[in-house]
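Source file final-v8.pdb; content: PDB, C-alpha atoms.
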ATOM      1  CA  ALA A  29     -21.164  -1.469  71.808
ATOM      2  CA  SER A  30     -19.756   0.038  74.940
ATOM      3  CA  GLY A  31     -15.970   0.065  74.896
ATOM      4  CA  ASP A  32     -15.704  -0.073  71.106
ATOM      5  CA  GLU A  33     -13.391   2.569  69.693
ATOM      6  CA  ALA A  34     -13.493   4.110  66.236
ATOM      7  CA  ASP A  35     -10.597   2.953  64.063
ATOM      8  CA  THR A  36      -9.245   4.575  60.923
ATOM      9  CA  ALA A  37      -9.351   2.383  57.829
ATOM     10  CA  PHE A  38      -7.057   3.175  54.918
ATOM     11  CA  VAL A  39      -8.579   2.178  51.572
ATOM     12  CA  LEU A  40      -6.645   1.995  48.306
ATOM     13  CA  VAL A  41      -9.005   2.858  45.437
ATOM     14  CA  LEU A  42      -7.870   1.171  42.218
ATOM     15  CA  PRO A  43      -8.259   2.943  38.860
ATOM     16  CA  THR A  44      -9.833  -0.228  37.395
ATOM     17  CA  PRO A  45     -11.179  -3.341  39.142
ATOM     18  CA  VAL A  46      -8.863  -6.355  39.359
ATOM     19  CA  CYS A  47      -9.120 -10.100  39.967
ATOM     20  CA  ILE A  48      -6.665 -11.456  42.515
ATOM     21  CA  ARG A  49      -5.217 -14.959  42.373
ATOM     22  CA  ALA A  50      -2.241 -16.443  44.194
ATOM     23  CA  PRO A  51       0.617 -17.282  41.813
ATOM     24  CA  ARG A  52       1.142 -20.743  43.359
ATOM     25  CA  GLN A  53      -0.339 -23.019  45.980
ATOM     26  CA  GLY A  54       0.515 -21.960  49.522
ATOM     27  CA  ASP A  55       0.427 -18.230  48.762
ATOM     28  CA  SER A  56      -2.260 -15.912  50.087
ATOM     29  CA  LEU A  57      -5.733 -16.058  48.509
ATOM     30  CA  VAL A  58      -5.029 -19.383  46.722
ATOM     31  CA  ASP A  59      -8.160 -21.057  48.041
ATOM     32  CA  GLU A  60     -10.431 -18.065  47.580
ATOM     33  CA  PRO A  61      -9.734 -15.882  44.559
ATOM     34  CA  ALA A  62     -11.173 -12.375  44.712
ATOM     35  CA  ASN A  63     -12.958 -10.973  41.649
ATOM     36  CA  ASN A  64     -13.864  -7.438  40.562
ATOM     37  CA  ILE A  65     -11.945  -5.757  43.395
ATOM     38  CA  SER A  66     -11.918  -1.965  43.145
ATOM     39  CA  GLU A  67     -10.890  -1.141  46.728
ATOM     40  CA  ILE A  68      -8.318  -2.754  49.006
ATOM     41  CA  GLU A  69      -8.003  -2.070  52.723
ATOM     42  CA  VAL A  70      -4.405  -1.217  53.604
ATOM     43  CA  ASP A  71      -3.175  -1.863  57.128
ATOM     44  CA  SER A  72      -0.072  -2.712  59.120
ATOM     45  CA  PRO A  73       0.640  -3.876  62.657
ATOM     46  CA  SER A  74       3.516  -1.360  62.702
ATOM     47  CA  PRO A  75       2.603   2.070  64.145
ATOM     48  CA  ALA A  76       5.397   3.612  62.041
ATOM     49  CA  MET A  77       3.984   2.114  58.825
ATOM     50  CA  ARG A  78       0.451   3.236  59.733
ATOM     51  CA  GLN A  79       1.790   6.768  60.243
ATOM     52  CA  LEU A  80       3.565   6.610  56.866
ATOM     53  CA  ILE A  81       0.338   5.425  55.178
ATOM     54  CA  ARG A  82      -1.576   8.247  56.866
ATOM     55  CA  GLY A  83       0.809  10.759  55.271
ATOM     56  CA  TYR A  84      -0.188   9.546  51.793
ATOM     57  CA  VAL A  85      -3.969   9.802  52.206
ATOM     58  CA  GLY A  86      -5.504  11.425  49.124
ATOM     59  CA  ARG A  87      -2.406  10.875  46.967
ATOM     60  CA  ALA A  88      -1.589   8.374  44.216
ATOM     61  CA  VAL A  89       0.589   5.658  45.730
ATOM     62  CA  ARG A  90       2.232   2.303  45.089
ATOM     63  CA  VAL A  91       1.893  -0.053  48.042
ATOM     64  CA  SER A  92       3.737  -3.330  48.540
ATOM     65  CA  GLY A  93       2.812  -6.023  51.012
ATOM     66  CA  VAL A  94       0.943  -9.271  51.556
ATOM     67  CA  LEU A  95      -2.625  -9.720  50.272
ATOM     68  CA  ASN A  96      -5.204 -11.592  52.332
ATOM     69  CA  HIS A  97      -8.941 -11.812  52.641
ATOM     70  CA  SER A  98     -10.228  -9.653  55.462
ATOM     71  CA  ASN A  99     -10.822 -11.845  58.471
ATOM     72  CA  THR A 100     -12.344  -9.750  61.245
ATOM     73  CA  ALA A 101     -15.387  -7.568  61.685
ATOM     74  CA  GLY A 102     -13.011  -4.601  61.941
ATOM     75  CA  HIS A 103     -11.951  -4.942  58.321
ATOM     76  CA  VAL A 104     -13.953  -2.777  55.930
ATOM     77  CA  ARG A 105     -13.130  -4.330  52.524
ATOM     78  CA  GLU A 106     -13.045  -7.897  51.146
ATOM     79  CA  VAL A 107      -9.292  -7.797  50.500
ATOM     80  CA  LEU A 108      -6.669  -6.617  52.981
ATOM     81  CA  LEU A 109      -3.083  -5.628  52.157
ATOM     82  CA  ASP A 110      -0.659  -5.877  55.080
ATOM     83  CA  ALA A 111       1.601  -3.041  53.954
ATOM     84  CA  LEU A 112       5.376  -3.412  53.917
ATOM     85  CA  GLY A 113       6.054  -0.257  51.931
ATOM     86  CA  VAL A 114       4.323   2.758  50.396
ATOM     87  CA  HIS A 115       5.612   5.323  47.885
ATOM     88  CA  ALA A 116       4.111   8.222  45.930
ATOM     89  CA  VAL A 117       3.777   7.707  42.179
TER      90      VAL A 117
END

Mind converting the file's structure to structure tokens?
Amino acid sequence: ASGDEADTAFVLVLPTPVCIRAPRQGDSLVDEPANNISEIEVDSPSPAMRQLIRGYVGRAVRVSGVLNHSNTAGHVREVLLDALGVHAV
């Protein structure tokens, strides 16, 4: 549509698929477990964190953050990780 801009999506490709469950009620994903997940979209509202993530594209990484189901049309994978940290492994 007119006015839409392309956005970069960062996708973490897992070596083996996982099932995601919240450890206790009130945590993310508790009402909707996610099964057979092999890719997780990684994002952050912080421009500095997005730039850090961009620097690790194509490398093996460990990412920490908060898991959620994607909730907008702009998300490209079923599960979204709001990144708080990223490190090479």

* Test item: residues at most 10 Å from segment 81-89 of chain A, all atoms listed in the file, excluding those fewer than 3 positions along its chain, as a ChimeraX atom specification -> /A:36-42,70-72,75-78,92,111,113-117

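Coordinates place atom CA of Leu80 of chain A at a distance of 25.2 Å from atom CA of Ile48 of chain A.
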
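Proximity to Leu109 of chain A was assessed for A:Ser74, A:Ile68, A:Val46, A:Glu60 counting only C-alpha atoms; the smallest distance is recorded for A:Ile68.
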
* Asked: If we count all atoms listed in the file, what is near Thr44 of chain A at a cut-off of 10 Å, once residues fewer than 6 positions away on the same chain are taken out, given as a VMD selection string?
  -> chain A and resid 64 to 67

* **Best match for closeness to Arg49 of chain A among A:Val104, A:Asn96, A:Arg90, A:Pro73, counting all atoms listed in the file** => A:Asn96

* If you measure from atom CA of Leu95 of chain A to atom CA of Leu112 of chain A, what distance in Å do you get, rounded to one decimal? -> 10.8 Å

For segment 72-85 of chain A, take all atoms listed in the file, fit an axis-aligned box around them, add 6 Å to each of the six sides, then output centre and edge lengths in Å rounded to one decimal, as JSON.
{"center_x": 0.7, "center_y": 3.4, "center_z": 58.0, "size_x": 21.4, "size_y": 26.6, "size_z": 24.4}
